[in-house]
Amino acid sequence: MDIDFYEKKINGDKKEQFERLFCLLSEYNKRYNLTSITDMEGVYCKHFLDSVVGEKYFPCGASVVEVGSGGGFPSLPLKIIRDDLFFTLIESTGKKCEYLKAASAALGLDGVKVLNIRAEEGARDEKMREKFDACTARAVARMNTLCEYCLPFVKTGGVFIAYKGDVDEELKEAEKAIKILGGRVETVDKFEINGEKRAIVVIKKIAPTPEKYPRGRGLERKKPIL
C-alpha cells in the first residue's frame, strides 16, 4: 500500500474539499457526537487517509451502498476523490443522517443518497437486495456479523469491501459466514498507518445470498454465523 500516494491525493487538488469536510465534521460533532477523534491530524490520518486507501478496489462507475455510515467514512472521502462512484448511505441514527445530507450538499457531492434505515431492513427491500456493484463498511461489527449485513446488498459478481484493523482472527471466524452468504475472499491488503495495523478485505460475491439472510431481530450480532 503506497500511503504517500494517498496522502498526496488528500493534499492535492481536492485539498479545499477535505478542509471543508474537516470543518463540517468539527461543527456537527459538537451536536451529534460523530467521532471521538477531533484534532486535525487525527481526523486526516484516521478518517480521511484511512478511507481513501481502499479506493482502487471500487470498480469504475460503481453503485456503492455503505452500511452504518456514521460520520461518512469511508464514503465521503472516497466520493471526493472518486466522483464516478454513486453512493447510498445507510444509517439508523437520524441525527447522523442529517449530518451526512448536510455535508454532501455543502461539498457539492452529487450522486449521494442518505437513507435513515437499518441495514437488515434495506437488505430485505427488493429495490436494494443484490442491486449494488459494491458494499462497504468501516468500524461496524466483526466480520461474520458484518458479512450478514452487507453481502445481501451485493449483486453476484460484485464486491464487499470491508475496512478493518488487525483482521486475521476475524477472517478465520467468518469463513463459514462468507461461504454461506455467497462470498469468497479475494484480497486481504494489510498495511500500517502511523504504526496502526489496518486491512482492506475484498470479498467477491460469487453466488446469491440465501433468502433467510439477514435474519433480523438482532440475530446478526447476538448469534453470528460460526
# chains A, B, ... in the order shown; residues from 1 in each chain; ligands from 1

$ residues_around --residues "Phe160 in chain A" --least-positions-apart "6" --cutoff "9 Å" --atoms "only C-alpha atoms" --output "list in words"
Asp133, Ala134, Cys135, Thr136, Ala137, Cys147, Cys150, Leu151, Phe153, Val154, Gly183, Val201, Val202, Ile203, Lys204 and Lys205 of chain A

$ residues_around --residues "Tyr44 in chain A" --least-positions-apart "6" --cutoff "9 Å" --atoms "only C-alpha atoms" --output "list of chain:residue names"
A:Ile10, A:Phe18, A:Phe22, A:Asp50

$ write_last_selection --atoms "all heavy atoms" --output "CSV table (one decimal), in the first residue's frame"
chain,number,residue,atom,x,y,z
A,10,ILE,N,-5.1,13.6,-0.9
A,10,ILE,CA,-5.8,14.4,0.1
A,10,ILE,C,-5.3,15.9,0.1
A,10,ILE,O,-6.1,16.8,0.2
A,10,ILE,CB,-5.7,13.8,1.5
A,10,ILE,CG1,-6.4,12.5,1.6
A,10,ILE,CG2,-6.2,14.8,2.6
A,10,ILE,CD1,-6.2,11.7,2.9
A,18,PHE,N,-11.4,18.7,1.3
A,18,PHE,CA,-11.1,18.0,2.6
A,18,PHE,C,-11.1,18.9,3.8
A,18,PHE,O,-11.5,18.6,4.9
A,18,PHE,CB,-9.8,17.2,2.5
A,18,PHE,CG,-10.0,15.8,1.8
A,18,PHE,CD1,-9.5,15.7,0.5
A,18,PHE,CD2,-10.6,14.8,2.4
A,18,PHE,CE1,-9.7,14.5,-0.2
A,18,PHE,CE2,-10.7,13.6,1.8
A,18,PHE,CZ,-10.3,13.4,0.5
A,22,PHE,N,-13.5,18.7,7.0
A,22,PHE,CA,-13.0,18.7,8.4
A,22,PHE,C,-13.8,19.7,9.2
A,22,PHE,O,-14.2,19.5,10.4
A,22,PHE,CB,-11.5,19.0,8.5
A,22,PHE,CG,-11.0,19.3,9.9
A,22,PHE,CD1,-10.8,18.2,10.7
A,22,PHE,CD2,-10.7,20.5,10.3
A,22,PHE,CE1,-10.4,18.4,12.0
A,22,PHE,CE2,-10.3,20.7,11.6
A,22,PHE,CZ,-10.1,19.7,12.5
A,50,ASP,N,-7.4,6.9,6.0
A,50,ASP,CA,-7.8,5.5,6.1
A,50,ASP,C,-9.0,5.2,5.2
A,50,ASP,O,-9.1,4.0,4.8
A,50,ASP,CB,-8.3,5.3,7.6
A,50,ASP,CG,-8.5,3.8,7.9
A,50,ASP,OD1,-7.6,3.0,7.7
A,50,ASP,OD2,-9.7,3.5,8.2

$ closest_residue --among "A:Pro214, A:Pro224, A:Gly157, A:Gly12" --to "Glu186 in chain A" --atoms "only C-alpha atoms"
A:Gly157

$ residues_around --residues "Gly108 in chain A" --least-positions-apart "2" --cutoff "12 Å" --atoms "only C-alpha atoms" --output "JSON, numbers by chain"
{"A": [17, 20, 21, 76, 79, 80, 83, 101, 102, 103, 104, 105, 106, 110, 111, 112]}

$ atom_distance --atom1 "CA of Ser92 in chain A" --atom2 "CA of Gly68 in chain A"
7.2 Å

$ select_by_dssp --residues "chain A" --states "alpha helix (DSSP H)" --output "number ranges by chain"
A: 3-10, 15-32, 40-43, 50-52, 75-81, 94-106, 119-123, 143-150, 168-173, 175-180, 219-222

$ residues_around --residues "range 30-36 of chain A" --least-positions-apart "6" --cutoff "9 Å" --atoms "only C-alpha atoms" --output "mmCIF file with N, CA, C and O atoms, in the first residue's frame"
data_model
loop_
_atom_site.group_PDB
_atom_site.id
_atom_site.type_symbol
_atom_site.label_atom_id
_atom_site.label_comp_id
_atom_site.auth_asym_id
_atom_site.auth_seq_id
_atom_site.Cartn_x
_atom_site.Cartn_y
_atom_site.Cartn_z
ATOM 1 N N GLY A 70 -22.432 6.384 9.806
ATOM 2 C CA GLY A 70 -21.899 7.180 10.917
ATOM 3 C C GLY A 70 -21.497 8.567 10.471
ATOM 4 O O GLY A 70 -22.297 9.355 9.997
ATOM 5 N N GLY A 71 -20.194 8.868 10.575
ATOM 6 C CA GLY A 71 -19.679 10.168 10.162
ATOM 7 C C GLY A 71 -19.352 10.259 8.682
ATOM 8 O O GLY A 71 -18.797 11.260 8.226
ATOM 9 N N LYS A 95 -29.984 11.768 13.477
ATOM 10 C CA LYS A 95 -29.116 12.944 13.548
ATOM 11 C C LYS A 95 -27.874 12.780 12.670
ATOM 12 O O LYS A 95 -27.406 13.746 12.057
ATOM 13 N N LYS A 96 -27.351 11.572 12.613
ATOM 14 C CA LYS A 96 -26.197 11.334 11.753
ATOM 15 C C LYS A 96 -26.593 11.458 10.283
ATOM 16 O O LYS A 96 -25.800 11.935 9.457
ATOM 17 N N TYR A 99 -26.501 15.064 9.319
ATOM 18 C CA TYR A 99 -25.135 15.496 9.035
ATOM 19 C C TYR A 99 -24.690 15.026 7.654
ATOM 20 O O TYR A 99 -24.118 15.805 6.869
#

$ residues_around --residues "Glu220 in chain A" --least-positions-apart "4" --cutoff "8 Å" --atoms "only C-alpha atoms" --output "number ranges by chain"
A: 145, 148-149, 214-216, 224-225

$ write_last_selection --atoms "C-alpha atoms" --output "short mmCIF file (atom, residue, chain, number, x, y, z; two decimals), in the first residue's frame"
data_model
loop_
_atom_site.label_atom_id
_atom_site.label_comp_id
_atom_site.auth_asym_id
_atom_site.auth_seq_id
_atom_site.Cartn_x
_atom_site.Cartn_y
_atom_site.Cartn_z
CA THR A 145 -21.81 -10.21 11.52
CA GLU A 148 -24.53 -10.88 7.03
CA TYR A 149 -25.41 -7.20 6.95
CA PRO A 214 -30.04 -11.21 7.05
CA ARG A 215 -32.08 -12.79 9.84
CA GLY A 216 -33.00 -9.53 11.61
CA PRO A 224 -23.48 -14.67 14.47
CA ILE A 225 -22.86 -17.39 11.92
#

$ residues_around --residues "Gly54 in chain A" --least-positions-apart "5" --cutoff "12 Å" --atoms "only C-alpha atoms" --output "PyMOL selection string"
chain A and resi 1-3+6+48-49+59+73-75+77-79+81-82+136-138+160-164+187-191+198-202

$ write_last_selection --atoms "C-alpha atoms" --output "tab-separated table (two decimals), in the first residue's frame"
chain	number	residue	atom	x	y	z
A	1	MET	CA	0.00	0.00	0.00
A	2	ASP	CA	1.50	3.32	-1.10
A	3	ILE	CA	0.38	5.55	1.79
A	6	TYR	CA	-2.93	8.73	-0.94
A	48	PHE	CA	-9.60	10.73	5.66
A	49	LEU	CA	-6.45	8.79	4.78
A	59	PRO	CA	-14.99	-0.61	-9.75
A	73	PHE	CA	-16.29	7.13	6.41
A	74	PRO	CA	-15.15	5.85	4.03
A	75	SER	CA	-17.92	7.19	1.74
A	77	PRO	CA	-13.61	10.97	1.38
A	78	LEU	CA	-13.99	8.35	-1.35
A	79	LYS	CA	-16.62	10.42	-3.14
A	81	ILE	CA	-11.56	11.66	-4.92
A	82	ARG	CA	-13.79	9.29	-6.95
A	136	THR	CA	-18.55	-1.07	2.07
A	137	ALA	CA	-18.41	-0.66	5.84
A	138	ARG	CA	-15.91	0.57	8.40
A	160	PHE	CA	-17.93	-6.24	-0.44
A	161	ILE	CA	-15.05	-4.03	0.71
A	162	ALA	CA	-14.50	-4.06	4.47
A	163	TYR	CA	-12.22	-1.63	6.30
A	164	LYS	CA	-10.71	-3.40	9.31
A	187	THR	CA	-7.91	-9.82	-1.33
A	188	VAL	CA	-6.61	-9.02	2.14
A	189	ASP	CA	-4.49	-5.90	1.82
A	190	LYS	CA	-2.61	-5.32	5.09
A	191	PHE	CA	-0.71	-2.13	5.86
A	198	ARG	CA	-5.09	-1.73	9.06
A	199	ALA	CA	-6.54	-4.01	6.39
A	200	ILE	CA	-8.82	-3.79	3.38
A	201	VAL	CA	-10.71	-7.06	2.87
A	202	VAL	CA	-12.29	-7.60	-0.54

$ atom_distance --atom1 "CA of Ser63 in chain A" --atom2 "CA of Phe86 in chain A"
4.8 Å

$ residues_around --residues "Gly122 in chain A" --least-positions-apart "4" --cutoff "10 Å" --atoms "only C-alpha atoms" --output "list in words"
Val67, Ile90, Leu115, Asn116, Ile117, Arg118, Glu126, Lys127, Met128, Arg129, Tyr149, Cys150, Pro152, Phe153 and Pro214 of chain A

$ atom_distance --atom1 "CA of Pro210 in chain A" --atom2 "CA of Glu120 in chain A"
13.9 Å

$ select_by_dssp --residues "range 5-207 of chain A" --states "strand (DSSP E)" --output "number ranges by chain"
A: 63-67, 86-90, 112-115, 132-138, 154-164, 183-193, 196-205

$ closest_residue --among "A:Ser26, A:Thr93, A:Asn144, A:Thr209" --to "Arg221 in chain A" --atoms "only C-alpha atoms"
A:Asn144
